[in-house]
>>> print(open('structure.txt').read())   # compact mmCIF, C-alpha atoms and all ligand atoms
# COMPACT_ATOMS: atom_id res chain seq x y z
CA MET A 1 138.11 301.81 -47.12
CA PHE A 2 136.36 301.31 -43.82
CA LYS A 3 135.36 298.07 -42.18
CA GLU A 4 132.24 297.56 -40.11
CA ILE A 5 132.07 295.13 -37.17
CA ILE A 6 128.63 294.57 -35.67
CA ASP A 7 128.26 293.90 -31.91
CA PRO A 8 132.02 293.70 -31.21
CA ASP A 9 133.34 292.31 -27.95
CA LEU A 10 135.47 295.14 -26.52
CA SER A 11 137.51 293.09 -24.02
CA GLY A 12 140.56 293.06 -26.33
CA ARG A 13 140.07 296.73 -27.21
CA ASN A 14 140.32 298.35 -23.76
CA SER A 15 143.31 298.11 -21.45
CA PHE A 16 141.06 297.53 -18.40
CA ARG A 17 139.86 294.44 -20.30
CA VAL A 18 136.24 294.86 -19.28
CA PRO A 19 133.99 292.56 -21.31
CA GLN A 20 131.58 295.21 -22.59
CA ARG A 21 130.26 295.35 -26.18
CA ALA A 22 129.27 298.10 -28.65
CA ALA A 23 126.42 298.20 -31.16
CA ARG A 24 129.05 298.51 -33.90
CA LEU A 25 132.64 299.46 -34.57
CA ILE A 26 134.00 301.06 -37.73
CA GLU A 27 137.68 300.75 -38.57
CA PHE A 28 138.74 303.61 -40.87
CA GLU A 29 142.01 304.77 -42.41
CA THR A 30 141.53 308.22 -43.88
CA ALA A 31 139.47 311.37 -43.55
CA GLU A 32 137.92 310.43 -46.91
CA ASP A 33 136.63 307.20 -45.33
CA LEU A 34 134.99 309.29 -42.61
CA ARG A 35 133.50 311.68 -45.15
CA GLN A 36 131.85 308.78 -46.97
CA LEU A 37 130.71 307.16 -43.74
CA PHE A 38 129.05 310.31 -42.37
CA ALA A 39 127.61 311.23 -45.79
CA GLY A 40 125.62 307.98 -45.53
CA GLY A 41 123.69 309.55 -42.62
CA THR A 42 123.49 306.35 -40.54
CA VAL A 43 126.21 306.94 -37.95
CA GLY A 44 124.07 308.16 -35.04
CA GLU A 45 125.83 308.39 -31.67
CA TRP A 46 129.60 307.87 -32.02
CA PHE A 47 132.79 307.87 -29.99
CA VAL A 48 136.43 307.57 -31.07
CA LEU A 49 138.22 304.56 -29.63
CA GLY A 50 142.01 304.75 -29.91
CA GLY A 51 144.05 302.05 -28.20
CA GLY A 52 141.43 301.92 -25.42
CA ASN A 53 144.10 302.81 -22.86
CA ASN A 54 142.32 305.64 -21.13
CA ILE A 55 138.74 304.48 -21.08
CA LEU A 56 136.45 302.63 -18.73
CA PHE A 57 133.35 301.09 -20.29
CA THR A 58 130.78 300.75 -17.52
CA GLN A 59 128.06 299.45 -19.84
CA ASP A 60 127.61 298.30 -23.44
CA TYR A 61 128.06 301.24 -25.83
CA PRO A 62 124.83 301.77 -27.77
CA GLY A 63 126.35 303.66 -30.72
CA THR A 64 129.23 303.45 -33.20
CA LEU A 65 132.84 303.30 -32.09
CA LEU A 66 135.31 304.75 -34.62
CA HIS A 67 138.81 303.33 -34.69
CA CYS A 68 141.66 304.55 -36.93
CA THR A 69 143.89 301.80 -38.35
CA ALA A 70 146.29 304.03 -40.35
CA ARG A 71 149.80 303.90 -38.87
CA GLY A 72 152.10 305.89 -41.16
CA ILE A 73 154.95 308.14 -39.98
CA ARG A 74 156.35 310.68 -42.49
CA THR A 75 159.00 313.40 -42.44
CA VAL A 76 157.32 316.45 -43.93
CA GLU A 77 160.28 318.80 -43.69
CA ARG A 78 163.83 318.55 -42.35
CA THR A 79 166.20 321.48 -41.82
CA ASP A 80 169.51 321.75 -39.97
CA ASP A 81 167.85 322.33 -36.62
CA HIS A 82 164.49 320.57 -36.77
CA ALA A 83 162.18 318.15 -38.55
CA THR A 84 158.41 318.26 -38.94
CA VAL A 85 157.03 314.76 -38.65
CA GLU A 86 153.47 313.66 -39.34
CA ALA A 87 151.96 310.50 -37.88
CA ASP A 88 148.58 308.91 -38.60
CA ALA A 89 146.13 308.76 -35.69
CA GLY A 90 146.26 304.96 -35.48
CA THR A 91 150.06 304.84 -34.97
CA GLU A 92 151.11 303.38 -31.62
CA TRP A 93 152.47 306.31 -29.62
CA ASP A 94 155.57 304.42 -28.56
CA ASP A 95 156.33 303.41 -32.18
CA LEU A 96 156.50 307.13 -32.97
CA VAL A 97 158.80 307.80 -29.99
CA ASP A 98 161.04 304.91 -31.05
CA TRP A 99 161.07 306.14 -34.67
CA SER A 100 162.02 309.68 -33.59
CA VAL A 101 164.90 308.45 -31.42
CA GLN A 102 166.13 306.17 -34.24
CA HIS A 103 166.09 309.16 -36.61
CA GLY A 104 168.16 311.33 -34.25
CA LEU A 105 165.25 313.60 -33.37
CA TRP A 106 164.65 315.08 -29.90
CA GLY A 107 161.44 315.98 -28.11
CA LEU A 108 159.48 312.79 -27.51
CA GLU A 109 162.02 310.61 -25.64
CA ASN A 110 160.65 311.46 -22.16
CA LEU A 111 157.23 310.25 -23.31
CA SER A 112 158.53 306.73 -24.00
CA LEU A 113 156.30 303.71 -23.35
CA ILE A 114 153.08 305.64 -22.74
CA PRO A 115 150.40 303.24 -23.97
CA GLY A 116 147.99 304.57 -26.58
CA THR A 117 147.76 305.93 -30.09
CA VAL A 118 148.98 309.16 -31.70
CA GLY A 119 145.37 310.30 -32.19
CA ALA A 120 144.76 310.14 -28.44
CA ALA A 121 147.92 312.08 -27.52
CA PRO A 122 146.56 315.60 -28.15
CA VAL A 123 143.16 314.84 -26.61
CA GLN A 124 144.48 314.50 -23.11
CA ASN A 125 147.85 316.10 -23.79
CA ILE A 126 149.70 313.03 -22.52
CA GLY A 127 152.60 313.76 -20.25
CA ALA A 128 155.33 312.20 -18.17
CA TYR A 129 158.77 312.96 -16.69
CA GLY A 130 158.59 316.72 -17.14
CA CYS A 131 157.25 316.74 -20.73
CA GLU A 132 153.87 316.94 -22.40
CA ALA A 133 152.76 316.13 -25.94
CA LYS A 134 151.90 319.82 -26.43
CA ASP A 135 155.61 320.71 -26.26
CA ALA A 136 156.15 318.97 -29.62
CA ILE A 137 152.75 319.14 -31.37
CA VAL A 138 152.45 321.80 -34.08
CA GLN A 139 149.21 320.84 -35.86
CA VAL A 140 146.31 318.46 -35.48
CA GLU A 141 144.32 317.32 -38.52
CA MET A 142 140.75 316.30 -37.86
CA PHE A 143 137.55 315.42 -39.65
CA CYS A 144 134.47 317.38 -38.51
CA PRO A 145 131.24 315.46 -39.17
CA GLU A 146 129.04 318.58 -38.76
CA MET A 147 130.78 320.26 -41.68
CA GLY A 148 131.71 317.08 -43.50
CA ASN A 149 135.28 318.22 -44.07
CA VAL A 150 138.81 318.25 -42.76
CA LEU A 151 140.20 321.03 -40.57
CA ILE A 152 143.73 321.65 -39.40
CA LEU A 153 144.15 323.17 -35.97
CA ASP A 154 147.42 324.91 -35.05
CA ARG A 155 148.88 324.19 -31.63
CA GLU A 156 147.92 327.55 -30.17
CA HIS A 157 144.26 326.84 -30.90
CA CYS A 158 144.28 323.42 -29.23
CA GLY A 159 143.65 324.80 -25.71
CA PHE A 160 146.29 322.56 -24.18
CA GLY A 161 146.53 322.32 -20.39
CA TYR A 162 147.45 319.66 -17.86
CA ARG A 163 145.78 316.50 -19.25
CA ASP A 164 143.40 318.81 -21.09
CA SER A 165 142.68 320.23 -24.54
CA ILE A 166 139.91 321.66 -26.73
CA PHE A 167 139.23 318.07 -27.90
CA LYS A 168 137.93 317.26 -24.39
CA ARG A 169 135.88 320.46 -24.25
CA SER A 170 134.19 322.36 -27.10
CA LEU A 171 135.31 319.85 -29.76
CA ARG A 172 134.23 316.80 -27.73
CA GLY A 173 131.99 314.71 -29.95
CA ARG A 174 132.62 317.07 -32.89
CA ALA A 175 136.08 316.18 -34.22
CA ILE A 176 137.84 312.96 -35.20
CA ILE A 177 141.61 313.31 -35.23
CA THR A 178 143.18 311.75 -38.33
CA SER A 179 146.85 312.78 -38.02
CA VAL A 180 149.18 314.89 -35.88
CA ARG A 181 152.28 316.92 -36.82
CA PHE A 182 155.23 317.33 -34.48
CA ARG A 183 158.25 319.63 -34.54
CA LEU A 184 161.30 317.72 -33.30
CA GLY A 185 164.82 319.05 -32.78
CA THR A 186 168.04 317.74 -34.29
CA ALA A 187 170.30 319.18 -31.53
CA PRO A 188 170.59 317.33 -28.20
CA ALA A 189 168.11 318.71 -25.65
CA PRO A 190 168.07 316.29 -22.70
CA ARG A 191 165.44 316.93 -20.02
CA LEU A 192 166.56 315.12 -16.91
CA ASP A 193 165.19 317.13 -14.01
CA TYR A 194 162.21 314.93 -13.02
CA GLY A 195 162.52 312.37 -10.22
CA ASP A 196 165.10 309.63 -10.80
CA VAL A 197 165.54 310.30 -14.55
CA ALA A 198 169.02 311.89 -14.22
CA SER A 199 170.42 309.11 -12.01
CA GLU A 200 168.94 306.35 -14.17
CA VAL A 201 170.42 307.96 -17.32
CA ALA A 202 173.81 308.48 -15.62
CA ARG A 203 173.94 304.74 -14.89
CA LEU A 204 173.64 304.12 -18.65
CA GLY A 205 176.25 306.71 -19.74
CA ALA A 206 175.87 309.93 -21.71
CA PRO A 207 172.46 311.69 -21.86
CA THR A 208 171.69 310.58 -25.43
CA ALA A 209 168.08 310.29 -26.60
CA GLU A 210 168.55 306.48 -26.70
CA ASN A 211 169.75 306.40 -23.08
CA ILE A 212 166.92 308.67 -21.93
CA ARG A 213 164.41 306.42 -23.68
CA THR A 214 165.96 303.29 -22.13
CA ALA A 215 165.97 304.91 -18.66
CA ILE A 216 162.35 306.07 -18.86
CA CYS A 217 161.23 302.64 -20.09
CA ALA A 218 163.01 301.06 -17.10
CA ILE A 219 161.43 303.51 -14.60
CA ARG A 220 157.96 302.96 -16.05
CA ARG A 221 158.34 299.17 -16.10
CA ALA A 222 159.42 299.23 -12.44
CA LYS A 223 156.52 301.42 -11.27
CA LEU A 224 153.59 300.78 -13.56
CA PRO A 225 151.81 297.52 -14.33
CA ASP A 226 152.02 296.20 -17.91
CA PRO A 227 148.50 296.44 -19.39
CA ALA A 228 149.25 293.26 -21.40
CA GLN A 229 149.37 291.40 -18.08
CA THR A 230 147.21 293.37 -15.65
CA GLY A 231 144.18 295.32 -16.79
CA ASN A 232 144.67 299.03 -16.00
CA ALA A 233 144.51 302.47 -17.62
CA GLY A 234 147.62 304.12 -16.18
CA SER A 235 146.79 306.93 -13.78
CA PHE A 236 143.12 306.59 -12.95
CA PHE A 237 143.00 310.07 -11.38
CA LYS A 238 144.42 313.44 -12.38
CA ASN A 239 146.64 315.25 -9.93
CA PRO A 240 144.33 317.81 -8.28
CA VAL A 241 144.96 321.53 -8.67
CA VAL A 242 143.82 323.30 -5.49
CA PRO A 243 143.72 326.87 -4.15
CA ARG A 244 147.03 327.93 -2.56
CA SER A 245 145.25 328.28 0.83
CA THR A 246 144.22 324.57 0.71
CA ALA A 247 147.80 323.53 -0.11
CA GLU A 248 149.16 325.70 2.73
CA ARG A 249 146.67 324.20 5.21
CA LEU A 250 147.68 320.67 4.21
CA LEU A 251 151.40 321.50 4.27
CA GLU A 252 151.12 322.63 7.89
CA GLN A 253 149.87 319.15 8.80
CA HIS A 254 152.01 317.24 6.25
CA PRO A 255 155.25 319.17 5.54
CA ASP A 256 156.49 316.32 3.31
CA MET A 257 153.49 316.54 0.94
CA PRO A 258 154.62 316.81 -2.74
CA HIS A 259 153.29 320.01 -4.34
CA TYR A 260 154.06 321.79 -7.58
CA PRO A 261 153.50 325.36 -8.83
CA THR A 262 151.16 325.96 -11.77
CA ALA A 263 150.94 328.84 -14.28
CA ASP A 264 148.46 330.46 -11.86
CA PRO A 265 150.30 331.56 -8.66
CA ASP A 266 147.10 331.02 -6.63
CA ARG A 267 146.73 327.38 -7.67
CA ILE A 268 148.97 324.51 -6.56
CA LYS A 269 149.09 320.98 -8.00
CA LEU A 270 149.14 318.10 -5.52
CA ALA A 271 150.07 314.45 -6.16
CA ALA A 272 146.93 312.28 -6.12
CA GLY A 273 149.17 309.19 -5.77
CA TRP A 274 150.60 310.58 -2.53
CA LEU A 275 147.16 311.50 -1.17
CA ILE A 276 145.79 308.00 -1.90
CA ASP A 277 148.96 306.41 -0.52
CA ARG A 278 148.57 308.41 2.73
CA THR A 279 145.02 307.21 3.22
CA GLY A 280 146.63 303.77 3.54
CA LEU A 281 144.90 302.42 0.44
CA LYS A 282 147.96 301.55 -1.67
CA GLY A 283 147.89 297.83 -2.46
CA TRP A 284 144.31 297.55 -1.12
CA SER A 285 141.86 295.40 -3.09
CA LEU A 286 138.19 294.58 -2.94
CA GLY A 287 136.86 291.66 -4.93
CA ARG A 288 138.38 291.78 -8.39
CA VAL A 289 139.68 295.38 -8.29
CA GLY A 290 142.75 296.80 -6.55
CA ILE A 291 145.21 299.68 -6.22
CA HIS A 292 148.62 298.94 -7.68
CA PRO A 293 151.13 298.30 -4.85
CA ARG A 294 153.88 300.46 -6.45
CA GLN A 295 151.81 303.44 -7.71
CA ALA A 296 148.65 304.41 -5.86
CA LEU A 297 147.26 306.35 -8.84
CA VAL A 298 146.75 303.15 -10.80
CA VAL A 299 143.59 301.08 -10.37
CA VAL A 300 143.99 297.48 -11.57
CA ASN A 301 141.56 294.85 -12.76
CA LEU A 302 142.74 291.78 -10.89
CA GLY A 303 140.84 289.58 -13.36
CA GLY A 304 137.28 289.53 -14.61
CA ALA A 305 136.02 292.77 -13.02
CA GLY A 306 133.31 294.67 -14.91
CA GLY A 307 133.36 298.42 -15.54
CA GLY A 308 130.71 299.15 -12.91
CA GLU A 309 132.76 297.34 -10.26
CA ILE A 310 135.88 299.36 -11.16
CA LEU A 311 133.93 302.63 -11.09
CA ALA A 312 132.47 301.83 -7.64
CA PHE A 313 135.96 301.00 -6.34
CA ALA A 314 137.30 304.32 -7.69
CA GLY A 315 134.39 306.09 -5.98
CA THR A 316 135.52 304.64 -2.63
CA ILE A 317 139.05 305.95 -3.20
CA ARG A 318 137.74 309.44 -4.03
CA GLN A 319 135.56 309.41 -0.92
CA ARG A 320 138.44 308.36 1.35
CA VAL A 321 140.74 311.09 -0.02
CA LEU A 322 137.98 313.67 0.40
CA GLU A 323 137.32 312.63 4.01
CA ARG A 324 141.00 312.57 4.95
CA PHE A 325 142.30 315.67 3.13
CA GLY A 326 139.22 317.63 1.99
CA VAL A 327 140.47 317.39 -1.61
CA GLU A 328 138.39 316.20 -4.57
CA ILE A 329 140.25 313.99 -7.04
CA GLU A 330 138.83 313.61 -10.54
CA PRO A 331 139.23 310.65 -12.88
CA GLU A 332 141.70 311.06 -15.71
CA VAL A 333 140.16 308.08 -17.43
CA ASN A 334 137.16 308.61 -19.76
CA ILE A 335 134.11 306.93 -18.30
CA LEU A 336 131.51 305.70 -20.78
N1 LIG B 401 153.63 309.20 -4.66
C1 LIG B 401 153.46 308.50 -3.48
N2 LIG B 401 152.83 307.30 -3.54
C2 LIG B 401 152.40 306.76 -4.71
C3 LIG B 401 152.56 307.47 -5.90
C4 LIG B 401 153.18 308.71 -5.86
O1 LIG B 401 153.86 308.96 -2.40
O2 LIG B 401 151.86 305.66 -4.67
C5 LIG B 401 154.36 310.49 -4.61
C6 LIG B 401 155.73 310.34 -5.25
O3 LIG B 401 156.70 309.92 -4.33
C7 LIG B 401 156.00 311.73 -5.76
C8 LIG B 401 154.62 312.25 -6.14
O4 LIG B 401 153.68 311.44 -5.42
O5 LIG B 401 156.50 312.55 -4.73
C9 LIG B 401 154.36 312.16 -7.64
O6 LIG B 401 154.52 310.82 -8.06
P1 LIG B 401 155.10 310.41 -9.52
O7 LIG B 401 156.33 311.18 -9.80
O8 LIG B 401 155.16 308.93 -9.58
O9 LIG B 401 154.06 310.97 -10.53
P2 LIG B 401 152.48 311.04 -10.48
O10 LIG B 401 152.10 312.45 -10.24
O11 LIG B 401 151.95 310.00 -9.55
C10 LIG B 401 152.36 311.56 -13.05
C11 LIG B 401 151.52 311.13 -14.21
C12 LIG B 401 152.00 309.77 -14.75
C13 LIG B 401 153.46 309.90 -15.15
C14 LIG B 401 154.26 310.34 -13.91
C15 LIG B 401 155.73 310.57 -14.20
C16 LIG B 401 149.33 312.10 -13.81
C17 LIG B 401 147.92 311.86 -13.46
N3 LIG B 401 150.13 311.04 -13.82
O12 LIG B 401 152.12 310.62 -11.99
O13 LIG B 401 151.26 309.50 -15.93
O14 LIG B 401 153.98 308.67 -15.63
O15 LIG B 401 153.72 311.59 -13.42
O16 LIG B 401 155.86 311.73 -14.93
O17 LIG B 401 149.71 313.24 -14.08
C18 LIG B 401 149.33 308.41 -16.77
O18 LIG B 401 148.91 309.54 -17.04
O19 LIG B 401 148.67 307.36 -17.04
C19 LIG B 401 150.60 308.29 -16.09
C20 LIG B 401 151.08 307.12 -15.66
>>> encode(input="structure.txt", output="structure tokens")
Amino acid sequence: MFKEIIDPDLSGRNSFRVPQRAARLIEFETAEDLRQLFAGGTVGEWFVLGGGNNILFTQDYPGTLLHCTARGIRTVERTDDHATVEADAGTEWDDLVDWSVQHGLWGLENLSLIPGTVGAAPVQNIGAYGCEAKDAIVQVEMFCPEMGNVLILDREHCGFGYRDSIFKRSLRGRAIITSVRFRLGTAPAPRLDYGDVASEVARLGAPTAENIRTAICAIRRAKLPDPAQTGNAGSFFKNPVVPRSTAERLLEQHPDMPHYPTADPDRIKLAAGWLIDRTGLKGWSLGRVGIHPRQALVVVNLGGAGGGEILAFAGTIRQRVLERFGVEIEPEVNIL
């Protein structure tokens, strides 16, 4: 069954809390709902809205927003060393992480407390504290309106990269994710080598999945604003990947600049948060929009800002980083 809402107010459906509207919103549960909906031939322009945690509406959306409300989590297979777990697209991501830790399964604990839904996780290959969703995803089930049927894509065909996947590229606007399957381990596999994770876990005791989850939640709560209190979409920008020569030029001037290798030896990843911080913009605000004082990658709605205002503010940040370092930073957030 699907439910149609005409002219919805989107302020409670996007974590930036911008008061934009859409022509209509359809809440669906299953691929069969989508098949019936698209068979009717009246959908027109559409966009999938998950938890609204990685989106900036800069104007009213003229088409149909599709939102999955199914939230089931199922064990499909369990052996001595792993379990295959399937979660519906509408499941809260952190509910899945919590469920996996409660069931003694390893692989998602470093991705604790990332806001958003399971259906959004493969799209931008969410990541944090040394892990990415792609490390655990084995299959993505999606409905394809062009064909009117369901397809299952194996991990190796998902084109995963840093905050990137096929769903942002050739399948953009062509696939609606309905569920995701994960392969999770039963043997302890702690990953503690990012930032203060190891020290925070050590304070709690042994490196159990529960302690890692607790530690990561504490680190995130200390650094990142709670979207329930302050409108934001997590990192507004992606960390830029630049030619090695650019990184070397910058390192001569700023030997303390964080930089990370990538799969391509000629490309180096820089930290956009550091670049913004070094332009002196951290904590800066203009009107109703600001940069979070504890993490310069996060743009915050200080109350009542519209999408256009937030976009213009982000444009100023990009410009300042470009002028100071000669590096282009790109939004991570979807801009509609
Ligand atoms: N830094 C600063 N100033 C800042 C922010 C960062 O100097 O204001 C420096 C840090 O000291 C560190 C480096 O920049 O040396 C990287 O910072 P951090 O470890 O905090 O991670 P990040 O690159 O800023 C990424 C993800 C976050 C994720 C963290 C932790 C992206 C775009 N962001 O941030 O993801 O939580 O790593 O793994 O890759 C999100 O995507 O919404 C998000 C919050």
>>> closest_atom_pairs(input="structure.txt", of="chain A", to="ligand LIG 401 (chain B)", cutoff="8 Å", atoms="only C-alpha atoms and all ligand atoms", output="Markdown table")
| residue | atom | partner | partner_atom | distance |
| --- | --- | --- | --- | --- |
| A:Asn54 | CA | B:LIG401 | O19 | 7.7 |
| A:Ile114 | CA | B:LIG401 | O19 | 7.4 |
| A:Ile126 | CA | B:LIG401 | O18 | 6.5 |
| A:Gly127 | CA | B:LIG401 | O13 | 6.2 |
| A:Ala128 | CA | B:LIG401 | O16 | 3.3 |
| A:Tyr129 | CA | B:LIG401 | O16 | 3.6 |
| A:Gly130 | CA | B:LIG401 | O16 | 6.1 |
| A:Cys131 | CA | B:LIG401 | O16 | 7.8 |
| A:Tyr162 | CA | B:LIG401 | O17 | 7.8 |
| A:Arg163 | CA | B:LIG401 | O17 | 7.3 |
| A:Tyr194 | CA | B:LIG401 | O16 | 7.4 |
| A:Gly195 | CA | B:LIG401 | O7 | 6.3 |
| A:Arg220 | CA | B:LIG401 | O14 | 7.0 |
| A:Lys223 | CA | B:LIG401 | O8 | 7.8 |
| A:Leu224 | CA | B:LIG401 | C20 | 7.1 |
| A:Ala233 | CA | B:LIG401 | O19 | 6.4 |
| A:Gly234 | CA | B:LIG401 | O19 | 3.5 |
| A:Ser235 | CA | B:LIG401 | O19 | 3.8 |
| A:Phe236 | CA | B:LIG401 | O19 | 6.9 |
| A:Phe237 | CA | B:LIG401 | C17 | 5.6 |
| A:Lys238 | CA | B:LIG401 | C17 | 4.0 |
| A:Asn239 | CA | B:LIG401 | C17 | 5.1 |
| A:Met257 | CA | B:LIG401 | O5 | 7.6 |
| A:Pro258 | CA | B:LIG401 | O5 | 5.1 |
| A:Leu270 | CA | B:LIG401 | O10 | 7.9 |
| A:Ala271 | CA | B:LIG401 | O4 | 4.8 |
| A:Ala272 | CA | B:LIG401 | O11 | 6.5 |
| A:Gly273 | CA | B:LIG401 | C3 | 3.8 |
| A:Trp274 | CA | B:LIG401 | O1 | 3.6 |
| A:Leu275 | CA | B:LIG401 | O1 | 7.3 |
| A:Ile276 | CA | B:LIG401 | O2 | 7.1 |
| A:Asp277 | CA | B:LIG401 | N2 | 5.0 |
| A:Arg278 | CA | B:LIG401 | O1 | 7.4 |
| A:Lys282 | CA | B:LIG401 | O2 | 6.4 |
| A:Pro293 | CA | B:LIG401 | O2 | 7.4 |
| A:Arg294 | CA | B:LIG401 | O2 | 5.9 |
| A:Gln295 | CA | B:LIG401 | O2 | 3.8 |
| A:Ala296 | CA | B:LIG401 | O2 | 3.6 |
| A:Leu297 | CA | B:LIG401 | O11 | 6.0 |
| A:Val298 | CA | B:LIG401 | C20 | 7.6 |
| A:Glu332 | CA | B:LIG401 | C17 | 6.7 |
>>> atom_distance(input="structure.txt", atom1="atom CA of Pro265 of chain A", atom2="atom CA of Arg169 of chain A")
24.0 Å
>>> residues_around(input="structure.txt", residues="Arg318 of chain A", least_positions_apart="6", cutoff="8 Å", atoms="only C-alpha atoms", output="ChimeraX atom specification")
/A:328-330
>>> write_last_selection(input="structure.txt", atoms="C-alpha atoms", output="compact mmCIF listing (two decimals), keeping the file's coordinate frame")
# COMPACT_ATOMS: atom_id res chain seq x y z
CA GLU A 328 138.39 316.20 -4.57
CA ILE A 329 140.25 313.99 -7.04
CA GLU A 330 138.83 313.61 -10.54
>>> residues_near_point(input="structure.txt", point="(143.3, 312.5, -30.2)", cutoff="9 Å", atoms="only C-alpha atoms", output="PyMOL selection string")
chain A and resi 48+50+89+117-125+140+142+167+176-180
>>> residues_around(input="structure.txt", residues="Asp196 of chain A", least_positions_apart="3", cutoff="10 Å", atoms="all atoms listed in the file", output="PDB file with C-alpha atoms, in the coordinates of the input")
ATOM      1  CA  TYR A 129     158.770 312.960 -16.690  1.00  0.00           C
ATOM      2  CA  LEU A 192     166.560 315.120 -16.910  1.00  0.00           C
ATOM      3  CA  ASP A 193     165.190 317.130 -14.010  1.00  0.00           C
ATOM      4  CA  SER A 199     170.420 309.110 -12.010  1.00  0.00           C
ATOM      5  CA  GLU A 200     168.940 306.350 -14.170  1.00  0.00           C
ATOM      6  CA  VAL A 201     170.420 307.960 -17.320  1.00  0.00           C
ATOM      7  CA  ALA A 215     165.970 304.910 -18.660  1.00  0.00           C
ATOM      8  CA  ILE A 216     162.350 306.070 -18.860  1.00  0.00           C
ATOM      9  CA  ILE A 219     161.430 303.510 -14.600  1.00  0.00           C
TER      10      ILE A 219
END
>>> residues_near_point(input="structure.txt", point="(149.1, 304.1, -31.6)", cutoff="6 Å", atoms="all atoms listed in the file", output="number ranges by chain")
A: 90-93, 116-118
>>> atom_distance(input="structure.txt", atom1="atom CA of His157 of chain A", atom2="atom CA of Glu77 of chain A")
22.0 Å
>>> atom_distance(input="structure.txt", atom1="atom CA of Ser112 of chain A", atom2="atom CA of Pro240 of chain A")
23.9 Å
>>> axis_aligned_box(input="structure.txt", around="segment 103-108 of chain A", padding_each_side="4 Å", output="lines of an AutoDock Vina configuration file")
center_x = 163.8
center_y = 312.6
center_z = -32.1
size_x = 16.7
size_y = 14.8
size_z = 17.1
